Amino acid sequence: MGGYIIRKLGYGLLVLWGVITLVFAIFSINPGDPARMLLGQRTDEAAVEAVRKELGLDLPFWKQYLLYLNDVSPVSVHKTGSPDSRIFADREKYTYRSLIPLGDVVVVAKQPYLRRSYQSRKQVTEIIGEAFPGTAILAVCAIVFALVFGITGGVIAAVHKDRFIDRFSVLSSVLGMSAPSFFSAIIISWLGGYVWAEQTALPALPAVFALAGLLLSFAGKKRRGFVRSLSFALKGLLVGLALLATDWTLRALLGVSLVPGAGTKILLPGTGLSMTGSLYDVDIIEGEYLALHNLILPVITLGIRPLAVVVQLTRNAMLDVLSQDYIRTARAKGLSEFRVITGHALRNALNPVVTAISGWFASMLAGAVFIEFIFNWKGLGLQVFTSLENDDYPVVMGAVLVIAVTFVMINILTDIIYGQLDPRIRLS
Amino acid sequence: MKSDRAEEPLLTVENLSIAFGDEEPAVRGLNMEVFRGETLGIVGESGSGKSLTSLAVMGLLPPSARIVSGRILFSPKGKETLDLVRTDRETIRKLRGSRMGMVFQEPMSSLNPLHTCGAQVSEAVMLHSGMSRKEARERTVALFEETELPRPSEIFERYPHEISGGQKQRVMIAMALSCGPDLLIADEPTTALDVTVQKHILALIKSLAEKNRMGVIFITHDLGVTAETARDVLVMYRGEVVEQGRVSDIFRRPEATYTRALIECRPRLDKNPPVLPTVDDMLAPDGSAPRTTPAERMKGPGEGSSVLVDARDLGVWYPSAKNFLGRPTAFFKAVDGVSLEIRKGETMGLVGESGCGKSTLGRALLRLQPLSAGTLHYDGHPIHDKSPAVMRPFRRKMQLIFQDPYGSLNPRMTVEEALTEPMAVHGLHGDRVARRDRITALLDRVGLPGAAARKYPHEFSGGQRQRICIARALVTEPDFIVCDESVSALDVSVQARVLNLLNELKAELGLTYLFISHDLSVVKYMSDRIAVMRAGRIEEFAEAEQLYKAPATDYTRTLIAAIPKF
């Protein structure tokens, strides 16, 4: 296992080197002069020349490339003596620790230096460091949302194959899959943050019905399994939502409320949700504060498509697994249906889900441009979008590198999870 | 069947009928009794309803099936008698695994691949006995010892894919026995295993049943196995019991025609009829008497006949360890220095236990497997070093019939497409019309109607599919056919018909066969000479009669002794 991971990491480094080379080549042949972008309207030739020199844009291509590699690599060579040198070990640029001092030259271990933004002159690492957590939290929440509801939904659908609950979840997951994110982002933001801004403080009615469904499943002489209880709760939730929708429509059209107390809400922090907002909101008096409720709408938007895919994959894999001989063996042991499904069927059904979701998760970490843009969520996608608009190449190149690193890491992680799930493909 | 014993039966099934939906019942009016410490055999072919009956007892019927009528009375130790048809599911669930255990046919797929063997057994122990994890572990290791697994505490930690098929079946038996059940149902527990392993498993089940005073229901399609294990036997045919009674009586004086047919249509070591009787022949209204003649089967070609396939020191090696650069440093030799001469017009038998390399050798002789060592001549031409392009004309002459007629036909190709493809590849029989004629003729020859050409594989039964596979092999007019366990997946009656067909075709077309099987009686019936393989090498090589009458090696003697006899 250890050897395998080391080998994979080695391959990962090769991939990253390839990505660096490609990205560097693409942005070097790109039209648009960063020096002019930097200086804006003031087109003094001498000043432009000076900036070009400072950025090293006057050097031959291969030299620029080697310098960039040296900057990005965690192990690099620098000069200590001459501050004029392009590879001077400048504490302003590098956070380093020297490894092998060789007179004038020193080999150092350092935090990769992704240079400075042409626009803000801030270090790219700092800019990405600010944008990435927003994206990461959004992606993790969305994937957890998709996995929890998707796997539960898929299992319930498989257990109730061809019944109402199965048809319903398959149909709604097809709907979820076919909604493009720029569209669903607009709709969800508009509905959740504007139309229902008052109501999105979680209406109490469906919650009460869901709870009632859950309680009902425990009532009666027959003992019911966990899955059945869940499906009862889900049915309750649906009835509640339907009632609420009817009530709203009636009130809007006729101004009468048929269901007393339909408008009651369970209060969330803040009054309802807003159309846009980031992880940190700024309050005029209190300054920056954590605004977790701003996560809800973008997480739903981002998670809805993987959720739909997970429902379908889990359902199909479960149906396949439930017809296997070892499930019959598990039943012959006298295990309850719940134990058969959770202990023997589910783990066998998870492999396709892991495959599908890992790639999806990695691309989510690259930032969801549409969603971040529409919800004005400060994340990597939004950052890359604005940097591209401004020809701010160092930021874009840095972001691409970070994304490549996440892909490599998630690939390795997926391989480890495979091995944990299935001993037959455990790696030696 | 009236009981002749003093004791009350453990399980009484009265007038049981099971149906799928509103269809005709798949099991009709079944009666049986199982006593403690005794084994009841249920014999029948696929679709006879024998497995359905056992699943009904366990309360594990598929959702589409339901019990139409009847009672299943079960009297576990120290409890009152229950009618399992009218007991609620939760009560039956608690009886499963504790008072009644079941062993299934496929040990390969009956264990969950993601849990260790130990965890799967101790799960049942903990569930029913309320033992702690540690106690359950000790009990499981003790059970593994009882079922004669080697190194029980090591097997506890192993995953199913890491142990052999026989060991898996022992784990399954340990699981079924984990809570000392009153009733054990074994559904074809040895069908997927080698004869030598089968012998041990049968002995194990028998001794455990006697020791623990368990009632056993032993389901099988193999009469020989019943003769070895059961006291009473029930013969089922199309959902009905056609005969029941003491095993010894039924074998000596079978009353039902079907029972007689089952006994007759199996190839036997001591008889060699030219044509095997089939169940259909015997059940036909006019021909209730067997049409067999006592004459011996025609012998194959003698010494003088020329050699068709000549293999010298053939080797097929798989790398088992690699060095840092990925170069193999050690090999697993699946075929290790095998020399074999197959004469024109003979049937060469190849037997051995699973994993001995017999299938690999069969494929190597067809150059379907890269050779690691040795030379191979076909009809005098060296073919061991030929490139795929040069091999093509030879491919036409060498064909293969696989074991699994379900897996070896493309489900999305009609029979006609499947048969046309080889002709197109080799550019045979000119245009489409001529090819279609050829297909009709071939299908007719293997006993299928011409209309079969436009159908898809799933529309045929197992035996019919194997006929299609034979037709596909014949379409290129080959001289040499490798039959790799070609009848192993078929019911005995169907098997007899396919074997007859293969022999007829051989006589008609002058074919040469390499007949690979783990079933020694079938190989003996088909072959002129037999090679016994063990661990990649040929252990013994002799004329068929000679091999059975005077086996030269201990290994062959063990194999022959392990065949159930009746």
# chains A, B, ... in the order shown; residues from 1 in each chain; ligands from 1

$ interface_residues --of "chain B" --to "chain A" --cutoff "9 Å" --atoms "only C-alpha atoms" --output "VMD selection string"
chain B and resid 58 to 60 90 92 to 98 100 to 104 106 109 to 115 120 to 121 123 to 124 127 to 128 159 161 to 162 172 175 to 176

$ select_by_dssp --residues "stretch 298-468 of chain B" --states "strand (DSSP E)" --output "ChimeraX atom specification"
/B:307-322,328-343,347-351,373-378,381-382,398-401

$ closest_residue --among "B:Val309, B:Ala209, B:Arg151, B:Ala434" --to "B:His381" --atoms "only C-alpha atoms"
B:Val309

$ residues_around --residues "stretch 126-136 of chain A" --least-positions-apart "3" --cutoff "10 Å" --atoms "only C-alpha atoms" --output "JSON, numbers by chain"
{"A": [114, 116, 117, 120, 122, 123, 139, 140, 141, 142, 278, 279, 280, 295, 361, 362, 364, 365, 366, 367, 368, 369, 372, 377, 378, 379, 380, 381, 382, 383, 384, 395, 396, 398, 399, 402, 403]}

$ residues_around --residues "stretch 144-157 of chain A" --least-positions-apart "5" --cutoff "6 Å" --atoms "only C-alpha atoms" --output "PyMOL selection string"
chain A and resi 166+303+306-307+310-311+314-315

$ atom_distance --atom1 "atom CA of B:Arg266" --atom2 "atom CA of B:Ile250"
15.9 Å

$ residues_around --residues "B:Pro370" --least-positions-apart "6" --cutoff "12 Å" --atoms "only C-alpha atoms" --output "list of chain:residue names"
B:Leu314, B:Gly315, B:Val316, B:Trp317, B:Tyr318, B:Ala334, B:Val335, B:Thr360, B:Leu361, B:Arg363, B:Ala364, B:Leu376, B:Ile383, B:His384, B:Asp385, B:Lys386, B:Ser387, B:Pro388

$ residues_around --residues "stretch 191-193 of chain B" --least-positions-apart "6" --cutoff "10 Å" --atoms "only C-alpha atoms" --output "PyMOL selection string"
chain B and resi 104-108+164-166+169+199+201+220-222+225+353-354+488-489+518

$ write_last_selection --atoms "all heavy atoms" --output "short mmCIF file (atom, residue, chain, number, x, y, z; two decimals), in the first residue's frame"
data_model
loop_
_atom_site.label_atom_id
_atom_site.label_comp_id
_atom_site.auth_asym_id
_atom_site.auth_seq_id
_atom_site.Cartn_x
_atom_site.Cartn_y
_atom_site.Cartn_z
N PHE B 104 -25.79 -23.47 0.15
CA PHE B 104 -26.22 -23.26 -1.23
C PHE B 104 -25.26 -23.90 -2.23
O PHE B 104 -24.17 -24.33 -1.89
CB PHE B 104 -26.36 -21.77 -1.52
CG PHE B 104 -27.41 -21.11 -0.70
CD1 PHE B 104 -27.08 -20.42 0.45
CD2 PHE B 104 -28.75 -21.21 -1.05
CE1 PHE B 104 -28.05 -19.81 1.22
CE2 PHE B 104 -29.72 -20.61 -0.28
CZ PHE B 104 -29.37 -19.91 0.84
N GLN B 105 -25.70 -23.85 -3.50
CA GLN B 105 -24.95 -24.52 -4.55
C GLN B 105 -23.60 -23.86 -4.85
O GLN B 105 -22.60 -24.52 -4.97
CB GLN B 105 -25.79 -24.54 -5.83
CG GLN B 105 -25.03 -25.06 -7.03
CD GLN B 105 -25.94 -25.26 -8.22
OE1 GLN B 105 -27.13 -24.98 -8.16
NE2 GLN B 105 -25.41 -25.79 -9.29
N GLU B 106 -23.61 -22.54 -4.98
CA GLU B 106 -22.42 -21.85 -5.47
C GLU B 106 -21.59 -21.28 -4.34
O GLU B 106 -21.83 -20.16 -3.90
CB GLU B 106 -22.85 -20.70 -6.40
CG GLU B 106 -23.13 -21.11 -7.82
CD GLU B 106 -21.89 -21.62 -8.53
OE1 GLU B 106 -20.77 -21.23 -8.13
OE2 GLU B 106 -22.05 -22.40 -9.47
N PRO B 107 -20.58 -21.99 -3.87
CA PRO B 107 -19.79 -21.42 -2.78
C PRO B 107 -19.06 -20.15 -3.23
O PRO B 107 -18.74 -19.30 -2.43
CB PRO B 107 -18.80 -22.52 -2.42
CG PRO B 107 -18.76 -23.41 -3.61
CD PRO B 107 -20.09 -23.31 -4.28
N MET B 108 -18.80 -20.04 -4.55
CA MET B 108 -18.05 -18.89 -5.06
C MET B 108 -18.83 -17.58 -4.85
O MET B 108 -18.26 -16.55 -4.58
CB MET B 108 -17.77 -19.03 -6.56
CG MET B 108 -17.23 -20.38 -6.96
SD MET B 108 -15.65 -20.73 -6.19
CE MET B 108 -15.57 -22.50 -6.41
N SER B 164 -9.98 -21.60 -1.33
CA SER B 164 -10.46 -22.41 -2.47
C SER B 164 -11.96 -22.66 -2.37
O SER B 164 -12.59 -22.40 -1.33
CB SER B 164 -9.72 -23.75 -2.46
OG SER B 164 -10.20 -24.54 -1.41
N GLY B 165 -12.54 -23.18 -3.46
CA GLY B 165 -13.98 -23.44 -3.51
C GLY B 165 -14.43 -24.41 -2.44
O GLY B 165 -15.45 -24.20 -1.79
N GLY B 166 -13.66 -25.48 -2.23
CA GLY B 166 -14.01 -26.47 -1.22
C GLY B 166 -14.00 -25.84 0.17
O GLY B 166 -14.88 -26.09 1.00
N GLN B 169 -17.04 -23.75 0.71
CA GLN B 169 -18.22 -24.54 1.03
C GLN B 169 -18.16 -25.00 2.49
O GLN B 169 -19.18 -25.07 3.15
CB GLN B 169 -18.34 -25.72 0.06
CG GLN B 169 -19.73 -26.30 -0.06
CD GLN B 169 -20.78 -25.29 -0.49
OE1 GLN B 169 -21.03 -24.29 0.18
NE2 GLN B 169 -21.41 -25.54 -1.62
N LYS B 199 -16.33 -35.63 -2.33
CA LYS B 199 -16.33 -36.81 -1.47
C LYS B 199 -16.17 -36.39 -0.01
O LYS B 199 -16.88 -36.85 0.87
CB LYS B 199 -15.19 -37.74 -1.90
CG LYS B 199 -15.21 -39.12 -1.28
CD LYS B 199 -14.01 -39.90 -1.78
CE LYS B 199 -13.79 -41.17 -0.98
NZ LYS B 199 -14.77 -42.23 -1.31
N ILE B 201 -16.74 -33.39 1.36
CA ILE B 201 -17.86 -32.57 1.85
C ILE B 201 -19.06 -33.47 2.19
O ILE B 201 -19.72 -33.29 3.21
CB ILE B 201 -18.26 -31.51 0.79
CG1 ILE B 201 -17.10 -30.54 0.54
CG2 ILE B 201 -19.52 -30.78 1.20
CD1 ILE B 201 -16.99 -29.39 1.48
N THR B 220 -30.17 -32.52 -5.02
CA THR B 220 -29.14 -32.72 -6.03
C THR B 220 -29.76 -33.18 -7.35
O THR B 220 -30.89 -33.65 -7.38
CB THR B 220 -28.10 -33.75 -5.56
OG1 THR B 220 -27.15 -33.95 -6.59
CG2 THR B 220 -28.74 -35.08 -5.23
N HIS B 221 -29.02 -33.02 -8.43
CA HIS B 221 -29.48 -33.58 -9.69
C HIS B 221 -28.76 -34.89 -9.96
O HIS B 221 -29.05 -35.58 -10.92
CB HIS B 221 -29.20 -32.59 -10.83
CG HIS B 221 -27.75 -32.42 -11.10
ND1 HIS B 221 -26.96 -31.55 -10.39
CD2 HIS B 221 -26.93 -33.05 -11.97
CE1 HIS B 221 -25.73 -31.63 -10.83
NE2 HIS B 221 -25.68 -32.53 -11.77
N ASP B 222 -27.82 -35.23 -9.08
CA ASP B 222 -26.94 -36.37 -9.32
C ASP B 222 -27.37 -37.55 -8.45
O ASP B 222 -27.23 -37.53 -7.23
CB ASP B 222 -25.51 -35.94 -8.98
CG ASP B 222 -24.51 -37.01 -9.36
OD1 ASP B 222 -24.92 -38.17 -9.56
OD2 ASP B 222 -23.32 -36.69 -9.46
N VAL B 225 -24.82 -39.08 -6.02
CA VAL B 225 -24.59 -38.37 -4.76
C VAL B 225 -25.65 -38.77 -3.73
O VAL B 225 -25.34 -39.00 -2.56
CB VAL B 225 -24.60 -36.84 -5.00
CG1 VAL B 225 -24.60 -36.09 -3.70
CG2 VAL B 225 -23.40 -36.45 -5.83
N GLU B 353 -8.49 -32.01 -11.61
CA GLU B 353 -9.28 -31.15 -10.74
C GLU B 353 -9.20 -29.71 -11.21
O GLU B 353 -8.32 -29.35 -11.99
CB GLU B 353 -8.76 -31.28 -9.30
CG GLU B 353 -8.96 -32.67 -8.76
CD GLU B 353 -8.44 -32.79 -7.35
OE1 GLU B 353 -9.15 -32.38 -6.43
OE2 GLU B 353 -7.31 -33.29 -7.18
N SER B 354 -10.08 -28.86 -10.68
CA SER B 354 -10.05 -27.47 -11.13
C SER B 354 -8.72 -26.83 -10.73
O SER B 354 -8.17 -27.12 -9.67
CB SER B 354 -11.21 -26.69 -10.53
OG SER B 354 -11.26 -26.87 -9.15
N SER B 488 -20.84 -29.85 -18.83
CA SER B 488 -20.85 -29.80 -17.36
C SER B 488 -21.99 -28.99 -16.80
O SER B 488 -22.45 -29.23 -15.69
CB SER B 488 -19.53 -29.23 -16.85
OG SER B 488 -18.47 -29.93 -17.41
N ALA B 489 -22.45 -27.97 -17.56
CA ALA B 489 -23.50 -27.10 -17.02
C ALA B 489 -24.89 -27.62 -17.35
O ALA B 489 -25.88 -26.98 -17.05
CB ALA B 489 -23.32 -25.68 -17.56
N HIS B 518 -14.17 -32.49 -15.81
CA HIS B 518 -13.80 -32.94 -14.47
C HIS B 518 -14.59 -34.20 -14.12
O HIS B 518 -14.33 -34.84 -13.12
CB HIS B 518 -14.06 -31.85 -13.45
CG HIS B 518 -15.52 -31.59 -13.24
ND1 HIS B 518 -16.24 -30.81 -14.11
CD2 HIS B 518 -16.38 -32.04 -12.31
CE1 HIS B 518 -17.50 -30.78 -13.71
NE2 HIS B 518 -17.62 -31.51 -12.63
#

$ atom_distance --atom1 "atom CA of B:Ser517" --atom2 "atom CA of B:Gln369"
18.9 Å

$ residues_around --residues "A:Ile87" --least-positions-apart "5" --cutoff "8 Å" --atoms "only C-alpha atoms" --output "VMD selection string"
chain A and resid 67 77 to 79

$ closest_residue --among "A:Leu302, A:Asp320, A:Gly10, A:Ser231" --to "A:Ile186" --atoms "only C-alpha atoms"
A:Leu302

$ atom_distance --atom1 "atom CA of B:Asp528" --atom2 "atom CA of B:Ala227"
28.9 Å

$ decode --residues "stretch 92-114 of chain B" --atoms "N, CA, C and O atoms" --output "tab-separated table (two decimals), in the first residue's frame"
chain	number	residue	atom	x	y	z
B	92	ILE	N	-40.29	-16.65	11.61
B	92	ILE	CA	-39.52	-17.51	10.71
B	92	ILE	C	-38.09	-17.00	10.58
B	92	ILE	O	-37.13	-17.75	10.56
B	93	ARG	N	-37.96	-15.64	10.53
B	93	ARG	CA	-36.62	-15.08	10.41
B	93	ARG	C	-35.75	-15.51	11.59
B	93	ARG	O	-34.58	-15.84	11.42
B	94	LYS	N	-36.35	-15.54	12.79
B	94	LYS	CA	-35.56	-15.94	13.96
B	94	LYS	C	-35.23	-17.42	13.95
B	94	LYS	O	-34.23	-17.85	14.54
B	95	LEU	N	-36.06	-18.23	13.27
B	95	LEU	CA	-35.76	-19.66	13.15
B	95	LEU	C	-34.62	-19.89	12.16
B	95	LEU	O	-33.80	-20.78	12.33
B	96	ARG	N	-34.59	-19.04	11.12
B	96	ARG	CA	-33.53	-19.16	10.10
B	96	ARG	C	-32.18	-18.92	10.75
B	96	ARG	O	-32.01	-17.96	11.48
B	97	GLY	N	-31.23	-19.77	10.42
B	97	GLY	CA	-29.90	-19.56	10.97
B	97	GLY	C	-29.75	-20.12	12.37
B	97	GLY	O	-28.67	-20.49	12.77
B	98	SER	N	-30.85	-20.17	13.14
B	98	SER	CA	-30.72	-20.75	14.47
B	98	SER	C	-31.24	-22.18	14.50
B	98	SER	O	-30.53	-23.10	14.86
B	99	ARG	N	-32.50	-22.40	14.09
B	99	ARG	CA	-33.08	-23.75	14.13
B	99	ARG	C	-32.97	-24.45	12.77
B	99	ARG	O	-33.08	-25.66	12.68
B	100	MET	N	-32.84	-23.67	11.69
B	100	MET	CA	-32.62	-24.31	10.40
B	100	MET	C	-31.56	-23.55	9.61
B	100	MET	O	-31.55	-22.33	9.56
B	101	GLY	N	-30.63	-24.31	9.05
B	101	GLY	CA	-29.53	-23.70	8.30
B	101	GLY	C	-29.57	-24.18	6.88
B	101	GLY	O	-30.17	-25.21	6.57
B	102	MET	N	-28.92	-23.40	5.98
B	102	MET	CA	-28.96	-23.80	4.57
B	102	MET	C	-27.59	-23.61	3.94
B	102	MET	O	-26.91	-22.62	4.17
B	103	VAL	N	-27.21	-24.58	3.12
B	103	VAL	CA	-25.97	-24.49	2.34
B	103	VAL	C	-26.37	-24.43	0.88
B	103	VAL	O	-27.19	-25.22	0.43
B	104	PHE	N	-25.79	-23.47	0.15
B	104	PHE	CA	-26.22	-23.26	-1.23
B	104	PHE	C	-25.26	-23.90	-2.23
B	104	PHE	O	-24.17	-24.33	-1.89
B	105	GLN	N	-25.70	-23.85	-3.50
B	105	GLN	CA	-24.95	-24.52	-4.55
B	105	GLN	C	-23.60	-23.86	-4.85
B	105	GLN	O	-22.60	-24.52	-4.97
B	106	GLU	N	-23.61	-22.54	-4.98
B	106	GLU	CA	-22.42	-21.85	-5.47
B	106	GLU	C	-21.59	-21.28	-4.34
B	106	GLU	O	-21.83	-20.16	-3.90
B	107	PRO	N	-20.58	-21.99	-3.87
B	107	PRO	CA	-19.79	-21.42	-2.78
B	107	PRO	C	-19.06	-20.15	-3.23
B	107	PRO	O	-18.74	-19.30	-2.43
B	108	MET	N	-18.80	-20.04	-4.55
B	108	MET	CA	-18.05	-18.89	-5.06
B	108	MET	C	-18.83	-17.58	-4.85
B	108	MET	O	-18.26	-16.55	-4.58
B	109	SER	N	-20.16	-17.65	-5.03
B	109	SER	CA	-20.93	-16.41	-4.96
B	109	SER	C	-21.80	-16.33	-3.72
B	109	SER	O	-22.47	-15.33	-3.51
B	110	SER	N	-21.80	-17.37	-2.89
B	110	SER	CA	-22.71	-17.35	-1.74
B	110	SER	C	-22.11	-16.67	-0.52
B	110	SER	O	-22.80	-16.48	0.47
B	111	LEU	N	-20.83	-16.34	-0.59
B	111	LEU	CA	-20.22	-15.60	0.52
B	111	LEU	C	-20.04	-14.16	0.08
B	111	LEU	O	-19.66	-13.89	-1.06
B	112	ASN	N	-20.29	-13.25	0.99
B	112	ASN	CA	-20.11	-11.82	0.68
B	112	ASN	C	-18.62	-11.53	0.48
B	112	ASN	O	-17.82	-11.74	1.38
B	113	PRO	N	-18.25	-11.03	-0.71
B	113	PRO	CA	-16.82	-10.83	-1.00
B	113	PRO	C	-16.16	-9.76	-0.13
B	113	PRO	O	-14.94	-9.70	-0.08
B	114	LEU	N	-16.95	-8.93	0.52
B	114	LEU	CA	-16.35	-7.79	1.23
B	114	LEU	C	-16.15	-8.05	2.73
B	114	LEU	O	-15.62	-7.21	3.43
